[in-house]
Amino acid sequence: MENDQKYLTKNREKFNNDLLNFISIPSIAALPEHSKDVKRAAVWLKERMCKAGIENVELMGTGGQPAVYGDWLHAGTDKPIALIYGHYDVQPVDPLELWDIDPFKPIIKDNKIFGRGASDDKGSMFIPIVVFEAIFKTSGTFPFNIKFIFEGEEEVASPNMPEFVSKNVDKLKCDMIFSADGGQFSEDECELAVAYKGILGFDIEVTGPDTDKHSGVYGAAIANPVMALSQLIASIKNDKGEIAVEGFYDEVIPLTSKDKKEISRVPFDDKKFVEQTGAICLDGEIGYTPLERVSARPTIDLNGISGGYQGAGTKTVLPSKAFAKITCRLVADQKPKEILKKIEKHVEKHLPSGVTGKVIPLQDEGDPLLIPSDLDSMKLAKEVLKNIYGKDPYIIRVGGSIPILSAFYRFLGVYTTTFSFQLNDENWHAPNEFFRLSSFYKGQEAYRQLFHKIGSLSS
């Protein structure tokens, strides 16, 4: 074990440079003009995995950007199979003028690697690759059976990955899964995630007259779609902050006293939280703490609204159409398609007279996931994190989504333990994204310990 630790230390500069090269590829999945760059990043990753000693490395078709798969399966049938997940695609860089550097000419400054994707997720997902290399190169073998799957569409909600997983069950079959996409609480505090919210996205379109009409001639005699949409949206929540869509909460698993106690352990400063947002005050569903609402209660959010004249001055028209963009963050055991049906019924019931309306489903859809805390993988991760950080991890619920994790459970029957070392303040999805070198090195030691603990198990 000491040899692989020395290998990681000895090769730090090389691994740093490898990561810089990886980050320099503009693998932006959301922009068609970067499609070739995403594939180029997949090829770079394939070659780097082969160099590490990983076998059977291949680019796999998904219907979109390729997934990169590799494995090493010579530890014997008495040893478990672990699957490591991450993603190599990154977010767009806009607004470019707010960056201090070219986002795809990464640099190391103040012991941080700056560049798009440095933290989310290229830095974190590169860690298990170099740790595999360290163990394999110094021992000539590996202590358990391991598989890797890295996708190129996570930043666009993984639209092709659930079907990909369903078609590759035998190849991805495993006993435990670790996600190298996620994070830790702070530089000296760790966390383990036991829940992720699901997501549902849809538009509402309200139509009145066949074209915009003169408001003086027609405004008092026919319905206004913008007004009708506003009234419809107002019906979605009551004055307690509760979602008023009939049956919306029917499948929600209530928080137990133990759940509430775990959530309350997580440091959360209400005043500081408000200050960080620039909002006037806290708001939300009555009867729950702010952290409970953010992490463990379902939401419905109006993301955008449009209709009618938007230019300078006045244009006295009665608009023909009005539109709203809405997303829901769902919790276990809500199902996106069932929630959509309930919203459609709500729209039909509460749509004001004089207009027609329809709900238009969007591609954004993912199931929520509630993960048992007594998994072997979770126990191992907790032991390692406590050893690395000197304290027990916070048990958290994540307000965001990692869509593929639900697919892993649905098709492979295995829950995922998040084991990643990026931090919330590293400007994910924002200008001047960075990854701390201290986190890069700490993650390597954590994965080194984790891999040896997995290797001590028998399947």
# chains A, B, ... in the order shown; residues from 1 in each chain; ligands from 1
call {"tool": "closest_atom_pairs", "arguments": {"of": "region 164-233 of chain A", "to": "region 350-358 of chain A", "cutoff": "8 Å", "atoms": "only C-alpha atoms", "output": "JSON lines"}}
result
{"residue": "A:Ile204", "atom": "CA", "partner": "A:Lys358", "partner_atom": "CA", "distance": 5.8}
{"residue": "A:Glu205", "atom": "CA", "partner": "A:Lys358", "partner_atom": "CA", "distance": 5.5}
{"residue": "A:Val206", "atom": "CA", "partner": "A:Gly357", "partner_atom": "CA", "distance": 4.3}
{"residue": "A:Thr207", "atom": "CA", "partner": "A:Thr356", "partner_atom": "CA", "distance": 5.3}
{"residue": "A:Gly208", "atom": "CA", "partner": "A:Val355", "partner_atom": "CA", "distance": 4.7}
{"residue": "A:Ile222", "atom": "CA", "partner": "A:Gly354", "partner_atom": "CA", "distance": 6.7}
{"residue": "A:Ala223", "atom": "CA", "partner": "A:Gly354", "partner_atom": "CA", "distance": 5.1}
{"residue": "A:Asn224", "atom": "CA", "partner": "A:Val355", "partner_atom": "CA", "distance": 7.9}
{"residue": "A:Pro225", "atom": "CA", "partner": "A:Val355", "partner_atom": "CA", "distance": 6.5}
{"residue": "A:Ala228", "atom": "CA", "partner": "A:Pro352", "partner_atom": "CA", "distance": 5.8}
{"residue": "A:Leu229", "atom": "CA", "partner": "A:Leu351", "partner_atom": "CA", "distance": 7.7}
{"residue": "A:Gln231", "atom": "CA", "partner": "A:Pro352", "partner_atom": "CA", "distance": 7.5}
{"residue": "A:Leu232", "atom": "CA", "partner": "A:Leu351", "partner_atom": "CA", "distance": 5.7}
call {"tool": "select_by_dssp", "arguments": {"residues": "region 374-438 of chain A", "states": "strand (DSSP E or B)", "output": "number ranges by chain"}}
result
A: 394-398, 416-418, 423, 434-436
call {"tool": "atom_distance", "arguments": {"atom1": "CA of Ser166 (chain A)", "atom2": "CA of Ile371 (chain A)"}}
result
20.1 Å
call {"tool": "closest_residue", "arguments": {"among": "A:Asp4, A:Glu133, A:Asp376, A:Glu433", "to": "Pro80 (chain A)", "atoms": "only C-alpha atoms"}}
result
A:Asp376
call {"tool": "residues_around", "arguments": {"residues": "Asp239 (chain A)", "least_positions_apart": "5", "cutoff": "12 Å", "atoms": "only C-alpha atoms", "output": "number ranges by chain"}}
result
A: 234, 244, 283-286
call {"tool": "write_last_selection", "arguments": {"atoms": "N, CA and C atoms", "output": "CSV table (one decimal), in the first residue's frame"}}
result
chain,number,residue,atom,x,y,z
A,234,ALA,N,-51.1,31.4,-10.6
A,234,ALA,CA,-51.4,31.8,-9.2
A,234,ALA,C,-52.1,30.7,-8.4
A,244,ALA,N,-50.7,23.4,-4.7
A,244,ALA,CA,-52.1,23.1,-4.7
A,244,ALA,C,-52.6,22.2,-5.8
A,283,ASP,N,-38.3,32.3,2.1
A,283,ASP,CA,-39.7,32.0,1.8
A,283,ASP,C,-39.9,30.5,1.5
A,284,GLY,N,-41.1,30.0,1.5
A,284,GLY,CA,-41.3,28.6,1.1
A,284,GLY,C,-42.4,28.0,2.0
A,285,GLU,N,-42.4,26.7,1.9
A,285,GLU,CA,-43.5,25.9,2.5
A,285,GLU,C,-43.4,26.0,4.0
A,286,ILE,N,-44.5,26.4,4.6
A,286,ILE,CA,-44.6,26.5,6.0
A,286,ILE,C,-44.6,25.1,6.7
call {"tool": "closest_residue", "arguments": {"among": "A:Thr9, A:Ser119, A:Gly86, A:Pro372", "to": "Val414 (chain A)", "atoms": "only C-alpha atoms"}}
result
A:Pro372
call {"tool": "select_by_dssp", "arguments": {"residues": "region 168-392 of chain A", "states": "helix (DSSP H, G or I)", "output": "number ranges by chain"}}
result
A: 169-172, 215-218, 225-234, 257-265, 270-277, 290-296, 336-350, 376-389
call {"tool": "residues_around", "arguments": {"residues": "Gln363 (chain A)", "least_positions_apart": "4", "cutoff": "12 Å", "atoms": "only C-alpha atoms", "output": "list in words"}}
result
Val156, Ala157, Ser158, Pro159, Asn160, Ile199, Leu200, Gly201, Phe202, Asp203, Thr327, Pro336, Lys337 and Pro403 of chain A
call {"tool": "write_last_selection", "arguments": {"atoms": "C-alpha atoms", "output": "tab-separated table (two decimals), in the first residue's frame"}}
result
chain	number	residue	atom	x	y	z
A	156	VAL	CA	-27.69	18.20	-20.79
A	157	ALA	CA	-29.60	15.90	-18.38
A	158	SER	CA	-28.29	12.57	-19.77
A	159	PRO	CA	-31.14	12.14	-22.30
A	160	ASN	CA	-29.72	8.95	-23.84
A	199	ILE	CA	-36.78	16.65	-12.23
A	200	LEU	CA	-39.71	17.35	-14.52
A	201	GLY	CA	-39.76	20.14	-17.10
A	202	PHE	CA	-42.71	21.38	-19.13
A	203	ASP	CA	-44.17	24.43	-20.85
A	327	THR	CA	-39.77	22.78	-13.64
A	336	PRO	CA	-42.36	12.51	-13.25
A	337	LYS	CA	-44.96	11.12	-15.67
A	403	PRO	CA	-30.21	11.61	-13.80
call {"tool": "atom_distance", "arguments": {"atom1": "CA of Ala180 (chain A)", "atom2": "CA of Tyr88 (chain A)"}}
result
10.9 Å
